[in-house]
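**Student:** Dropping a structure here in structure tokens format, bear with me for questions.
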Amino acid sequence: MTITQLKYVLAVAEHQNFTKAAQKTFVTQPTLSMQIQKLEEELDILIFDRSKKPIELTSVGKKIVNQAKNIVNESERMQDVVDQEKGFIGGEFKLGIIPTVMPTLLPMFLKTFTNRYPKVHLKIEELTTDEIIHKIKDGHLDAAIAATPLNHEKIKERVLYYEPFVGYIPESHRLHSKGKIESSDLDLSDILLLEDGHCFRDGVINLCKASKLHTGDSFQLESGSFETLIKLSNEGLGMTLLPYLHTLDISEVQKKHLHYFTEPSPAREVSIIYNKSELKLQIITALYDVIAAVIRGAIAFQDVKIISPTK
């Protein structure tokens, strides 16, 4: 039994196709098939039911795949052990970032980080929180930046910053004349939301649950981007809530519609998260230090109330 054979098994289990798995592992399909067959012969079981389309795992095959994931992940951590011992900050590092953080935070720290740590090869993916948790558990991500607390047993959270919510309220809205707004002013029925799957949307809904206002659902509008929400708001279709860092990049005309909350301001907690057994801690610490230093100059808010991103 070899690590290579186990990697081939995991590839077929993921893609449910021998040809695609061979392409992803950079070998010919006959080579991959032969190695998996050798493993099955050695174990005297069938890992895959080849009669099904797409290919499916047998019942024992599912158990083999779970064990193979552990073995392959641990084998790949051997170099991490050596790097940590030497204090080396380099190599490939897979980082996930949620969509409502990526556009504002990434440009703030990426250039500084790559200049300071040129030997680190960052592979960055924009992923939802659910995708991030799944990939961290499976060893496909080294760390991620997400809204917390998530309270996940196997994931460690290290807080980077607290980002206040800011109201974007057009002139036609009932709250436009107010100076600062309060959570009790919010009515979920006239707030434009991000599409389902965004944790910022869940935070807004959780914030609104504290309000007793609800005038009924005459319509419901959702979008995948804050830019679209702002445009819809400008058309008089409702107000929206934005994360503070996003408000730094909008136009001066749009900034006139911003309304801040009375303190303590509702805010989201943004953290760098990783598996509790992660070994690339020297890179995680380097990322944390760079981001924390950059963000310190952008967000001066202190008196905040954290709104959970979980339902």
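Note on naming: chains are A, B, ... as they come in the structure tokens, residues start from 1 per chain, ligands start from 1 in the order shown.
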Would you list, as an MDAnalysis selection string, the residues of segment 8-91 of chain A that end up in strand (DSSP E) under DSSP run on this structure's backbone?
**Tutor:** chainID A and resid 48:49 56:57 91
**Student:** Tell me, as a PDB file with C-alpha atoms, in the first residue's frame, which residues lie within 10 Å of segment 238-252 of chain A, counting only C-alpha atoms; anything in the same chain fewer than 4 positions away does not count.
**Tutor:**
ATOM      1  CA  THR A 100     -18.223  39.877   1.875  1.00  0.00           C
ATOM      2  CA  VAL A 101     -14.637  40.227   3.142  1.00  0.00           C
ATOM      3  CA  PRO A 103     -13.071  42.609  -2.047  1.00  0.00           C
ATOM      4  CA  THR A 104     -12.247  45.032   0.768  1.00  0.00           C
ATOM      5  CA  LEU A 105      -9.696  43.214   2.914  1.00  0.00           C
ATOM      6  CA  TYR A 162     -14.524  43.949  14.674  1.00  0.00           C
ATOM      7  CA  GLU A 163     -16.333  45.537  11.728  1.00  0.00           C
ATOM      8  CA  PRO A 164     -19.406  47.691  12.467  1.00  0.00           C
ATOM      9  CA  PHE A 165     -22.594  47.553  10.397  1.00  0.00           C
ATOM     10  CA  VAL A 166     -23.477  50.830   8.675  1.00  0.00           C
ATOM     11  CA  GLY A 167     -26.924  51.780   7.361  1.00  0.00           C
ATOM     12  CA  TYR A 168     -27.276  52.951   3.757  1.00  0.00           C
ATOM     13  CA  ILE A 169     -30.539  54.903   3.741  1.00  0.00           C
ATOM     14  CA  PRO A 170     -31.886  56.801   0.672  1.00  0.00           C
ATOM     15  CA  GLU A 171     -33.707  60.126   1.016  1.00  0.00           C
ATOM     16  CA  SER A 172     -37.093  58.493   0.409  1.00  0.00           C
ATOM     17  CA  HIS A 173     -36.726  56.149   3.390  1.00  0.00           C
ATOM     18  CA  ARG A 174     -38.475  56.737   6.731  1.00  0.00           C
ATOM     19  CA  LEU A 175     -35.149  56.695   8.626  1.00  0.00           C
ATOM     20  CA  HIS A 176     -33.249  59.134   6.412  1.00  0.00           C
ATOM     21  CA  LEU A 186     -34.874  48.315  11.740  1.00  0.00           C
ATOM     22  CA  ASP A 187     -37.706  46.595   9.919  1.00  0.00           C
ATOM     23  CA  LEU A 188     -36.643  43.479   8.019  1.00  0.00           C
ATOM     24  CA  SER A 189     -39.420  44.011   5.468  1.00  0.00           C
ATOM     25  CA  ASP A 190     -37.772  47.163   4.029  1.00  0.00           C
ATOM     26  CA  ILE A 191     -34.122  46.040   4.205  1.00  0.00           C
ATOM     27  CA  LEU A 192     -32.463  44.816   1.017  1.00  0.00           C
ATOM     28  CA  LEU A 193     -30.468  41.651   1.713  1.00  0.00           C
ATOM     29  CA  LEU A 194     -27.663  39.645   0.182  1.00  0.00           C
ATOM     30  CA  PHE A 200     -23.437  38.849   6.422  1.00  0.00           C
ATOM     31  CA  ARG A 201     -27.080  38.326   5.424  1.00  0.00           C
ATOM     32  CA  VAL A 204     -28.409  41.308   9.412  1.00  0.00           C
ATOM     33  CA  GLN A 220     -38.513  40.783  -1.257  1.00  0.00           C
ATOM     34  CA  LEU A 221     -35.307  41.725  -3.090  1.00  0.00           C
ATOM     35  CA  PHE A 226     -23.355  45.230  -2.083  1.00  0.00           C
ATOM     36  CA  GLU A 227     -23.047  47.388  -5.221  1.00  0.00           C
ATOM     37  CA  LEU A 229     -28.000  46.603  -3.070  1.00  0.00           C
ATOM     38  CA  ILE A 230     -26.826  50.239  -3.103  1.00  0.00           C
ATOM     39  CA  LEU A 232     -31.607  49.234  -5.588  1.00  0.00           C
ATOM     40  CA  SER A 233     -31.648  51.383  -2.479  1.00  0.00           C
ATOM     41  CA  ASN A 234     -31.025  54.512  -4.568  1.00  0.00           C
ATOM     42  CA  LYS A 256     -24.192  61.128   2.225  1.00  0.00           C
ATOM     43  CA  HIS A 257     -26.669  58.263   2.682  1.00  0.00           C
ATOM     44  CA  LEU A 258     -24.611  56.498   5.347  1.00  0.00           C
ATOM     45  CA  HIS A 259     -26.061  56.335   8.854  1.00  0.00           C
ATOM     46  CA  TYR A 260     -24.067  54.982  11.778  1.00  0.00           C
ATOM     47  CA  ALA A 267     -20.656  44.632  14.372  1.00  0.00           C
ATOM     48  CA  ARG A 268     -19.355  41.411  12.966  1.00  0.00           C
ATOM     49  CA  ILE A 295      -6.673  47.024   9.755  1.00  0.00           C
ATOM     50  CA  ALA A 298      -8.809  51.582   9.106  1.00  0.00           C
ATOM     51  CA  ILE A 299     -11.211  50.735  11.940  1.00  0.00           C
ATOM     52  CA  PHE A 301     -14.422  51.675  16.515  1.00  0.00           C
TER      53      PHE A 301
END
**Student:** Hey, which of A:Val81, A:Asp138, A:Thr262, A:Leu122 ends up closest to Lys280 of chain A? Count only C-alpha atoms.
**Tutor:**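 Smallest distance to Lys280 of chain A is found for A:Val81.
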**Student:** Taking into account only C-alpha atoms, which residue in the set A:Ile145, A:Ala13, A:Val253, A:Leu279 is nearest to Arg158 of chain A?
**Tutor:**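 When distances to Arg158 of chain A are compared using only C-alpha atoms, the smallest one comes from A:Ile145.
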**Student:** So, counting only C-alpha atoms, which residue among A:Ala146, A:Cys199, A:Val72, A:Leu110 is closest to Lys123 of chain A?
**Tutor:** A:Leu110
